[in-house]
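Below is target-v2.cif, holding mmCIF, C-alpha atoms and all ligand atoms.
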data_entry
#
loop_
_atom_site.label_atom_id
_atom_site.label_comp_id
_atom_site.auth_asym_id
_atom_site.auth_seq_id
_atom_site.Cartn_x
_atom_site.Cartn_y
_atom_site.Cartn_z
CA MET O 229 21.10 13.43 47.84
CA ARG O 230 24.62 12.87 49.14
CA ARG O 231 27.73 12.76 46.91
CA THR O 232 30.94 11.11 48.16
CA ALA O 233 34.12 10.74 46.07
CA ASN O 234 36.88 8.21 46.82
CA HIS O 235 39.54 6.18 45.00
CA LEU O 236 39.94 2.47 44.18
CA ALA O 237 43.16 0.52 44.84
CA ASP O 238 44.59 1.27 41.38
CA GLY O 239 43.85 5.00 41.63
CA ARG O 240 40.59 5.05 39.65
CA GLU O 241 37.94 7.45 40.96
CA ILE O 242 34.68 6.16 42.50
CA ILE O 243 31.74 8.46 43.36
CA TYR O 244 28.71 7.48 45.43
CA PHE O 245 25.34 9.20 44.86
CA ASP O 246 22.98 8.30 47.69
CA ASP O 247 19.23 8.98 47.67
CA THR O 248 19.36 10.52 51.14
CA GLU O 249 21.91 11.70 53.71
CA THR O 250 23.34 8.35 54.69
CA ALA O 251 26.40 7.21 56.63
CA PRO O 252 29.63 8.49 55.01
CA ARG O 253 31.10 6.22 52.34
CA THR O 254 34.58 5.51 53.69
CA ALA O 255 35.21 1.81 52.83
CA VAL O 256 38.73 1.16 51.50
CA ASP O 257 39.41 -1.01 48.42
CA SER O 258 41.50 -3.89 49.82
CA ARG O 259 42.36 -5.47 46.46
CA ASP O 260 45.88 -5.71 45.06
CA LEU O 261 45.25 -4.23 41.60
CA PRO O 262 47.93 -3.42 39.01
CA ALA O 263 48.29 0.30 38.19
CA GLN O 264 46.22 1.49 35.24
CA ALA O 265 48.03 1.93 31.89
CA PRO O 266 45.33 2.46 29.24
CA ARG O 267 46.64 2.49 25.68
CA SER O 268 43.64 3.51 23.59
CA GLU O 269 44.05 5.56 20.42
CA ILE O 270 41.87 7.17 17.75
CA ARG O 271 42.37 7.16 13.97
CA ARG O 272 40.46 9.21 11.40
CA ASP O 273 39.00 7.28 8.47
CA PRO O 274 40.45 9.15 5.46
CA LEU O 275 37.42 8.27 3.28
CA THR O 276 34.58 9.36 5.61
CA GLY O 277 36.41 11.78 7.93
CA GLU O 278 35.01 9.90 10.95
CA TRP O 279 37.12 8.93 13.97
CA VAL O 280 37.47 5.28 15.01
CA GLY O 281 38.59 4.25 18.53
CA MET O 282 41.16 1.45 19.02
CA ALA O 283 41.27 -0.19 22.45
CA ALA O 284 42.97 -3.58 22.07
CA HIS O 285 43.51 -3.86 25.85
CA ARG O 286 39.72 -4.32 26.23
CA GLN O 287 39.95 -7.90 24.88
CA THR O 288 41.04 -9.10 28.34
CA ARG O 289 37.95 -7.71 30.12
CA ILE O 290 35.65 -9.87 32.21
CA TYR O 291 33.12 -11.76 30.07
CA LYS O 292 29.81 -12.89 31.61
CA PRO O 293 30.99 -13.82 35.13
CA PRO O 294 28.68 -16.01 37.27
CA ALA O 295 26.38 -13.96 39.56
CA ASP O 296 28.42 -14.74 42.68
CA LEU O 297 31.47 -13.13 41.02
CA CYS O 298 29.67 -10.00 39.79
CA PRO O 299 32.13 -7.08 39.99
CA LEU O 300 29.25 -4.56 40.27
CA CYS O 301 27.67 -6.04 43.40
CA PRO O 302 28.69 -4.45 46.72
CA THR O 303 31.69 -5.94 48.52
CA SER O 304 30.79 -8.65 51.02
CA ARG O 305 33.03 -10.38 53.55
CA GLY O 306 35.89 -12.09 51.71
CA ARG O 307 34.56 -11.14 48.26
CA PRO O 308 35.88 -7.74 47.16
CA THR O 309 34.29 -6.16 44.05
CA GLU O 310 34.68 -2.85 42.19
CA ILE O 311 32.57 -1.23 44.93
CA PRO O 312 34.23 -1.43 48.38
CA GLU O 313 31.06 -0.44 50.30
CA PRO O 314 28.69 -3.16 51.65
CA CYS O 315 25.73 -1.39 49.95
CA TYR O 316 25.06 1.63 47.75
CA ASP O 317 22.27 3.53 45.99
CA VAL O 318 23.91 4.80 42.77
CA VAL O 319 27.65 4.57 42.20
CA VAL O 320 29.92 5.73 39.36
CA PHE O 321 33.50 4.60 38.84
CA GLU O 322 36.13 4.76 36.11
CA ASN O 323 36.00 1.77 33.75
CA ARG O 324 38.88 -0.63 34.34
CA PHE O 325 39.01 -1.34 30.59
CA PRO O 326 38.34 2.10 29.08
CA SER O 327 37.91 2.87 25.38
CA PHE O 328 39.06 6.43 26.18
CA ALA O 329 41.12 7.59 29.18
CA GLN O 330 43.26 10.33 30.66
CA GLY O 331 47.01 9.68 30.62
CA VAL O 332 47.10 7.73 27.36
CA PRO O 333 50.52 7.79 25.62
CA ALA O 334 51.13 10.48 22.99
CA LEU O 335 51.36 9.21 19.39
CA PRO O 336 52.73 10.48 16.07
CA SER O 337 50.05 12.59 14.35
CA THR O 338 49.62 10.18 11.42
CA VAL O 339 49.44 6.37 11.03
CA ASP O 340 52.70 5.00 9.58
CA GLY O 341 53.51 8.40 8.14
CA MET O 342 50.40 8.41 5.91
CA PRO O 343 49.47 12.11 5.97
CA MET O 344 45.82 11.43 5.11
CA VAL O 345 45.31 9.13 8.16
CA GLU O 346 45.39 11.22 11.35
CA GLN O 347 45.78 9.55 14.71
CA ALA O 348 45.92 10.61 18.37
CA GLY O 349 45.79 9.12 21.84
CA GLY O 350 42.24 8.20 22.92
CA LEU O 351 42.18 11.05 25.44
CA GLY O 352 38.84 11.01 27.27
CA ARG O 353 37.19 9.03 30.02
CA CYS O 354 34.92 6.00 30.39
CA GLU O 355 32.82 5.39 33.48
CA VAL O 356 30.40 2.75 34.74
CA VAL O 357 27.14 3.77 36.50
CA CYS O 358 25.43 1.20 38.75
CA PHE O 359 21.75 2.08 39.22
CA THR O 360 21.14 -0.17 42.26
CA SER O 361 23.05 -2.64 44.43
CA ASP O 362 20.32 -5.24 43.68
CA HIS O 363 21.88 -7.59 41.10
CA ASP O 364 18.51 -8.92 39.86
CA SER O 365 16.72 -5.59 39.42
CA SER O 366 16.53 -3.40 36.30
CA PHE O 367 16.26 0.31 35.47
CA GLY O 368 12.55 -0.14 34.80
CA ARG O 369 12.03 -1.43 38.36
CA LEU O 370 13.72 1.54 40.08
CA SER O 371 11.59 3.94 42.13
CA PRO O 372 11.03 7.48 40.76
CA ALA O 373 13.20 8.75 43.65
CA ARG O 374 16.07 6.49 42.58
CA VAL O 375 15.72 7.57 38.93
CA ARG O 376 16.08 11.14 40.21
CA THR O 377 19.37 10.15 41.89
CA VAL O 378 20.55 8.60 38.60
CA VAL O 379 19.68 11.87 36.81
CA GLU O 380 21.78 13.75 39.40
CA ALA O 381 24.67 11.36 38.72
CA TRP O 382 24.36 11.87 34.92
CA ALA O 383 24.28 15.68 35.42
CA ASP O 384 27.32 15.60 37.73
CA ARG O 385 29.34 13.37 35.40
CA THR O 386 28.39 15.41 32.31
CA GLU O 387 29.69 18.57 34.01
CA ARG O 388 32.86 16.98 35.38
CA LEU O 389 33.81 15.04 32.24
CA SER O 390 33.16 18.16 30.11
CA ALA O 391 35.88 19.90 32.15
CA LEU O 392 38.51 17.16 31.54
CA PRO O 393 41.38 17.70 29.03
CA GLY O 394 40.47 16.43 25.57
CA VAL O 395 36.78 15.71 26.16
CA GLU O 396 34.55 17.17 23.40
CA GLN O 397 31.27 15.33 24.05
CA VAL O 398 29.73 13.37 26.95
CA PHE O 399 27.48 10.38 26.21
CA CYS O 400 25.38 8.71 28.94
CA PHE O 401 23.88 5.39 27.88
CA GLU O 402 22.62 1.99 28.95
CA ASN O 403 23.04 -1.30 27.09
CA ARG O 404 20.62 -3.89 28.41
CA GLY O 405 20.39 -7.58 27.47
CA GLU O 406 22.67 -10.24 26.03
CA GLU O 407 21.33 -9.52 22.52
CA ILE O 408 23.01 -6.08 22.82
CA GLY O 409 26.30 -7.69 23.83
CA VAL O 410 26.04 -6.93 27.55
CA THR O 411 28.66 -8.92 29.44
CA LEU O 412 27.47 -8.02 32.98
CA HIS O 413 23.84 -8.51 34.02
CA HIS O 414 23.94 -6.17 37.05
CA PRO O 415 21.76 -3.08 36.24
CA HIS O 416 24.27 -0.52 35.00
CA GLY O 417 24.99 2.02 32.31
CA GLN O 418 28.07 3.78 31.03
CA ILE O 419 29.33 7.28 30.38
CA TYR O 420 31.81 8.10 27.63
CA GLY O 421 33.76 11.33 27.40
CA TYR O 422 34.78 11.36 23.71
CA PRO O 423 37.85 13.23 22.35
CA PHE O 424 35.78 14.38 19.34
CA VAL O 425 32.20 15.30 18.39
CA THR O 426 30.47 12.06 17.32
CA PRO O 427 29.34 11.61 13.68
CA ARG O 428 25.67 11.30 14.66
CA THR O 429 25.78 14.54 16.64
CA GLU O 430 27.64 16.34 13.81
CA ARG O 431 24.88 15.25 11.44
CA MET O 432 22.05 16.32 13.74
CA LEU O 433 23.68 19.72 14.34
CA ALA O 434 24.08 20.33 10.60
CA THR O 435 20.40 19.47 10.04
CA ALA O 436 19.28 21.67 12.95
CA ARG O 437 21.37 24.59 11.62
CA GLU O 438 19.84 24.29 8.13
CA TYR O 439 16.32 24.01 9.53
CA HIS O 440 16.84 27.02 11.78
CA ALA O 441 18.18 29.10 8.90
CA GLU O 442 15.03 28.35 6.91
CA HIS O 443 12.33 28.41 9.62
CA GLY O 444 13.85 30.34 12.52
CA ARG O 445 13.00 27.53 14.95
CA HIS O 446 14.57 24.29 16.23
CA VAL O 447 13.59 21.23 14.19
CA LEU O 448 13.01 19.06 17.28
CA GLY O 449 10.68 21.70 18.77
CA ASP O 450 8.60 21.58 15.60
CA VAL O 451 8.68 17.74 15.58
CA LEU O 452 7.53 17.70 19.20
CA ALA O 453 4.60 20.04 18.50
CA ALA O 454 3.60 18.07 15.40
CA GLU O 455 3.77 14.67 17.17
CA ARG O 456 1.72 16.00 20.09
CA ALA O 457 -0.89 17.30 17.65
CA ALA O 458 -0.99 14.16 15.44
CA GLN O 459 -1.04 11.74 18.43
CA VAL O 460 -0.64 8.61 16.24
CA ARG O 461 2.92 7.94 17.41
CA LEU O 462 2.55 9.31 20.97
CA ILE O 463 3.38 6.94 23.85
CA GLY O 464 2.85 9.31 26.75
CA SER O 465 3.55 12.73 28.17
CA THR O 466 3.93 14.57 31.46
CA GLU O 467 4.15 18.27 32.27
CA HIS O 468 7.76 18.58 31.05
CA TRP O 469 8.40 15.56 28.78
CA THR O 470 6.82 13.72 25.84
CA ALA O 471 7.59 10.20 24.56
CA PHE O 472 6.83 9.14 20.98
CA VAL O 473 7.93 6.71 18.27
CA PRO O 474 9.81 8.84 15.70
CA ALA O 475 8.10 9.06 12.30
CA ALA O 476 11.22 7.76 10.51
CA ALA O 477 12.27 5.19 13.14
CA ARG O 478 15.24 3.04 12.08
CA TRP O 479 14.80 0.32 14.67
CA PRO O 480 11.90 -2.17 15.03
CA VAL O 481 11.27 -0.65 18.49
CA GLU O 482 12.29 2.97 19.05
CA VAL O 483 11.03 5.69 21.41
CA HIS O 484 12.28 9.25 21.86
CA VAL O 485 11.79 10.95 25.23
CA VAL O 486 12.05 14.71 24.74
CA PRO O 487 11.92 17.66 27.18
CA HIS O 488 9.39 20.35 26.20
CA ARG O 489 12.00 23.09 26.66
CA GLN O 490 15.14 23.37 24.51
CA VAL O 491 18.09 22.56 26.78
CA PRO O 492 21.56 21.52 25.57
CA ASP O 493 22.23 18.81 28.16
CA ILE O 494 21.19 17.10 31.40
CA PRO O 495 22.88 19.68 33.70
CA ALA O 496 20.63 22.37 32.15
CA LEU O 497 17.42 20.62 33.32
CA THR O 498 15.51 22.26 36.19
CA ASP O 499 14.62 20.38 39.39
CA ALA O 500 11.02 20.03 38.17
CA GLU O 501 12.17 18.60 34.82
CA ARG O 502 14.53 16.15 36.57
CA ASP O 503 11.75 14.96 38.89
CA ASP O 504 9.25 14.63 36.08
CA PHE O 505 11.52 12.59 33.77
CA GLY O 506 11.46 9.42 35.90
CA HIS O 507 7.68 9.15 35.88
CA LEU O 508 7.46 9.13 32.09
CA TYR O 509 10.59 7.04 31.48
CA LEU O 510 9.50 4.31 33.93
CA ASP O 511 6.16 4.14 32.13
CA VAL O 512 7.97 3.83 28.76
CA LEU O 513 10.25 1.06 30.10
CA GLY O 514 7.22 -0.80 31.49
CA ARG O 515 5.62 -0.70 28.03
CA LEU O 516 8.84 -1.89 26.36
CA ASP O 517 9.05 -4.90 28.70
CA GLY O 518 5.35 -5.62 28.09
CA LEU O 519 5.67 -5.51 24.30
CA TYR O 520 6.82 -9.13 23.88
CA GLY O 521 5.98 -10.24 27.43
CA LYS O 522 9.64 -10.50 28.45
CA PRO O 523 12.46 -8.11 29.38
CA LEU O 524 13.29 -6.19 26.19
CA PRO O 525 16.97 -5.87 25.23
CA TYR O 526 17.50 -2.18 24.53
CA ILE O 527 19.97 0.65 24.15
CA ALA O 528 19.11 3.95 25.85
CA ALA O 529 21.18 6.82 24.44
CA TRP O 530 21.19 10.41 25.72
CA HIS O 531 21.82 12.93 22.95
CA GLN O 532 23.58 15.88 24.58
CA ALA O 533 25.25 18.99 23.13
CA PRO O 534 29.01 18.86 22.50
CA VAL O 535 31.17 20.61 25.12
CA ARG O 536 32.38 23.50 22.95
CA VAL O 537 30.45 23.69 19.65
CA GLY O 538 26.85 23.72 18.41
CA ARG O 539 25.27 24.10 21.84
CA GLU O 540 22.72 26.65 20.58
CA HIS O 541 21.52 24.12 17.98
CA SER O 542 21.29 21.15 20.40
CA TRP O 543 18.12 19.88 22.07
CA LEU O 544 18.65 17.19 24.69
CA HIS O 545 16.70 13.96 24.17
CA LEU O 546 16.79 10.29 25.07
CA GLN O 547 16.61 7.69 22.29
CA VAL O 548 15.60 4.17 23.43
CA PHE O 549 15.64 1.40 20.86
CA SER O 550 15.76 -2.37 20.51
CA VAL O 551 17.19 -4.82 18.00
CA LEU O 552 14.35 -7.29 18.72
CA ARG O 553 11.76 -7.21 15.88
CA THR O 554 9.59 -10.03 17.26
CA ALA O 555 9.70 -11.90 20.60
CA ASP O 556 12.45 -14.15 19.25
CA LYS O 557 13.84 -12.54 16.09
CA LEU O 558 16.75 -10.10 15.99
CA LYS O 559 17.15 -7.27 13.53
CA TYR O 560 20.65 -7.68 12.11
CA LEU O 561 22.62 -4.79 10.69
CA ALA O 562 23.21 -6.46 7.34
CA GLY O 563 24.26 -5.20 3.91
CA SER O 564 22.11 -2.10 3.53
CA GLU O 565 22.51 -0.94 7.14
CA SER O 566 26.18 -1.85 7.66
CA GLY O 567 27.43 -1.20 4.14
CA MET O 568 25.43 1.88 3.18
CA ALA O 569 23.99 3.17 6.50
CA VAL O 570 20.50 2.82 4.98
CA TRP O 571 18.04 1.34 7.46
CA VAL O 572 15.08 -0.72 6.31
CA ASN O 573 12.50 -1.17 9.07
CA ASP O 574 10.18 -4.22 9.03
CA VAL O 575 7.38 -2.49 10.96
CA THR O 576 5.88 0.99 10.72
CA PRO O 577 6.31 3.43 13.64
CA GLU O 578 2.52 3.81 13.78
CA GLN O 579 2.06 0.06 14.36
CA VAL O 580 4.72 0.04 17.08
CA ALA O 581 3.20 3.07 18.82
CA GLU O 582 -0.23 1.45 18.81
CA ARG O 583 1.17 -1.75 20.35
CA LEU O 584 3.12 0.16 22.99
CA ARG O 585 0.07 2.22 23.96
CA ALA O 586 -1.95 -1.02 24.35
CA VAL O 587 0.51 -2.51 26.90
CA ARG O 588 -0.95 -2.51 30.42
CA VAL O 589 1.60 -1.00 32.80
CA ASN O 590 1.18 -1.69 36.51
ZN ZN B 1 25.82 -7.79 40.67
#

Write-out of the structure in structure tokens:
Amino acid sequence: MRRTANHLADGREIIYFDDTETAPRTAVDSRDLPAQAPRSEIRRDPLTGEWVGMAAHRQTRIYKPPADLCPLCPTSRGRPTEIPEPCYDVVVFENRFPSFAQGVPALPSTVDGMPMVEQAGGLGRCEVVCFTSDHDSSFGRLSPARVRTVVEAWADRTERLSALPGVEQVFCFENRGEEIGVTLHHPHGQIYGYPFVTPRTERMLATAREYHAEHGRHVLGDVLAAERAAQVRLIGSTEHWTAFVPAAARWPVEVHVVPHRQVPDIPALTDAERDDFGHLYLDVLGRLDGLYGKPLPYIAAWHQAPVRVGREHSWLHLQVFSVLRTADKLKYLAGSESGMAVWVNDVTPEQVAERLRAVRVN
């Protein structure tokens, strides 16, 4: 793999990850872009203690451009995009409309002088990851070698963002499909460097700590062993990874892809584990697309350890889930889910696992 870092016309960083030693990436961004002045902020909900990001400048971002104006395609003659090179394998660049960024203005420590409502600048970083220069492809159609390059990019970005001022947790994820609210169809994911530990991670760490105090082991390790023994929710496994539908799945389609060894984050994976991941994940994605006989809208979310706390109680895993409960019906987050955070699932995890296992993957 070859890594090349450069800058876009407005100073944002762009990093190329190529599958093999290729020609150096030296193309210059010829666009006349205004300098970046992100203004995001965070406020703490005084009733739940959870942080909320505010990024009003994002309202002006590009919404569903036609394919010939895709900003994630390589630059071609007379049509400059976010990527100055005429082709690429995997490329990462800073989001032009970030929810969190370096250099955000400092703010008073409370909202309107209300001492119970803390606020701060949204100090962090948001990046875009393009998985291929082929506009009409998808993650599930990448080669195992390309998935390995994507894993290298995730590992690199997790390490580098963890070292940035203010960043407390790094989140690599992919939103796929219009049903998820994706505004660009080009195969891509995102990486957030958050200025706080996320509520979901806080909750999982607290549960893992309690379980460890009682049993002396990590809860996910015990779940993994139990799912492998029970088999009813298993989707597949390789030497280093297992995929299964979680026993208390919230979403109508949900699969967890878990490494057999407890590691805090993607950079801690060995070469063998990084190689092995793509084979299982591509199989899982093939089954997801086969479930309803059409590309499944999904969210793929990497759960990684925070930068500074709880690392010994973290166990890296990938959660893939969909809002589609039948071929043409969406699961909405209505009263119980949105108001009370209580999920009610219309299908059982055992039924979903059986259907996913029955999908023929070519
Ligand atoms: Zn494109």

- Query: How many Å lie between atom CA of O:Arg259 and atom CA of O:Ile243, rounded to one decimal?
  - Reply: 17.8 Å

- Query: What do you get as a list in words if you pick all residues at most 8 Å from ligand ZN 1 (chain B), counting all atoms listed in the file?
  - Reply: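 Listing the residues within 8 Å of ligand ZN 1 (chain B) gives Ala295, Asp296, Leu297, Cys298, Pro299, Leu300, Cys301, Pro302, Ser361, Asp362, His363, Asp364, Leu412, His413, His414 and Pro415 of chain O.
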
- Work out how far atom CA of O:Leu516 is from atom CA of O:Gln579, in Å to one decimal. 13.9 Å

- Message: When you count all atoms listed in the file, which of these residues is closest to O:Ala581: O:Ala529, O:Met432, O:Leu462, O:Val485?
- Response: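 Nearest candidate to O:Ala581 out of O:Ala529, O:Met432, O:Leu462, O:Val485: O:Leu462.
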
- Local residues around (42.1, 4.3, 18.9), at most 7 Å away, using all atoms listed in the file, as a VMD selection string: chain O and resid 268 to 271 280 to 283 349 to 350

- Do you know which residues are at most 12 Å from stretch 384-388 of chain O counting all atoms listed in the file, after dropping those on the same chain fewer than 5 positions away, and could you put them as an MDAnalysis selection string? chainID O and resid 231:233 241:245 319:322 352:357 377:379 393 395:401 418:422 492:497 530:535

- Message: Would you compute the distance between atom CA of O:Gln264 and atom CA of O:Leu236? Give it in Å to one decimal.
- Response: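 Here the two named atoms are 11.0 Å from each other.
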
- Message: List as a PyMOL selection string the protein and nucleic acid residues near O:His488, meaning an atom at most 9 Å away when only C-alpha atoms are counted, but skip any in the same chain fewer than 5 places from it.
- Response: chain O and resi 449+452+467-470

- Message: So that I can check the surroundings of stretch 436-442 of chain O, please list as a list of chain:residue names every protein, DNA and RNA residue that reaches within 8 Å of it, counting only C-alpha atoms and ignoring chain neighbours fewer than 4 positions away.
- Response: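 My list of contacting residues is O:Met432, O:His446, O:Val447, O:His541, O:Ser542.
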
- Message: If we draw a sphere of 8 Å around (36.3, 11.3, 13.5), which residues have at least one atom in it when counting all atoms listed in the file? Please report them as a PyMOL selection string.
- Response: chain O and resi 271-273+277-280+424-427

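The smallest atom-to-atom distance between O:Pro474 and any of O:Ile408, O:Ala383, O:Val570, O:Val548, using all atoms listed in the file, is found for O:Val548.
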
- Query: Can you tell me, as number ranges by chain, what residues are no more than 6 Å from stretch 456-461 of chain O when counting all atoms listed in the file, ignoring any on the same chain fewer than 3 positions away?
  - Reply: O: 453, 472-473, 578, 581

- Among the residues O:Thr435, O:Leu546, O:Glu406, O:Gly518, the one that comes closest to O:Ala471 [using all atoms listed in the file]: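 Nearest to O:Ala471: O:Leu546.
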
- Query: O:Arg374, O:Arg404, O:Arg445, O:Arg583: which is nearest O:Tyr526, counting all atoms listed in the file?
  - Reply: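 Closest to O:Tyr526 of all the choices is O:Arg404.
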
- Item | Nearest-residue call for O:Phe359, choices O:Leu389, O:Val486, O:Ala334, O:Cys315, using all atoms listed in the file | O:Cys315

- Which of these, O:Asp511, O:Asp340, O:Glu540, O:Glu313, has the shortest distance to O:Thr466 once you count all atoms listed in the file?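 Checking each candidate against O:Thr466, we get O:Asp511 as the closest.
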
For stretch 427-443 of chain O, I'd like the enclosing box, axis-aligned and padded by 6 Å on every side, reported as JSON with centre and edge lengths in Å to one decimal.
{"center_x": 20.8, "center_y": 20.2, "center_z": 11.8, "size_x": 29.0, "size_y": 29.8, "size_z": 21.7}

- Task: Find the residues near O:Glu249: any atom within 8 Å, counting only C-alpha atoms, skip ones fewer than 2 places away on the same chain, and give them as a ChimeraX atom specification.
- Result: /O:229-230,246-247,251
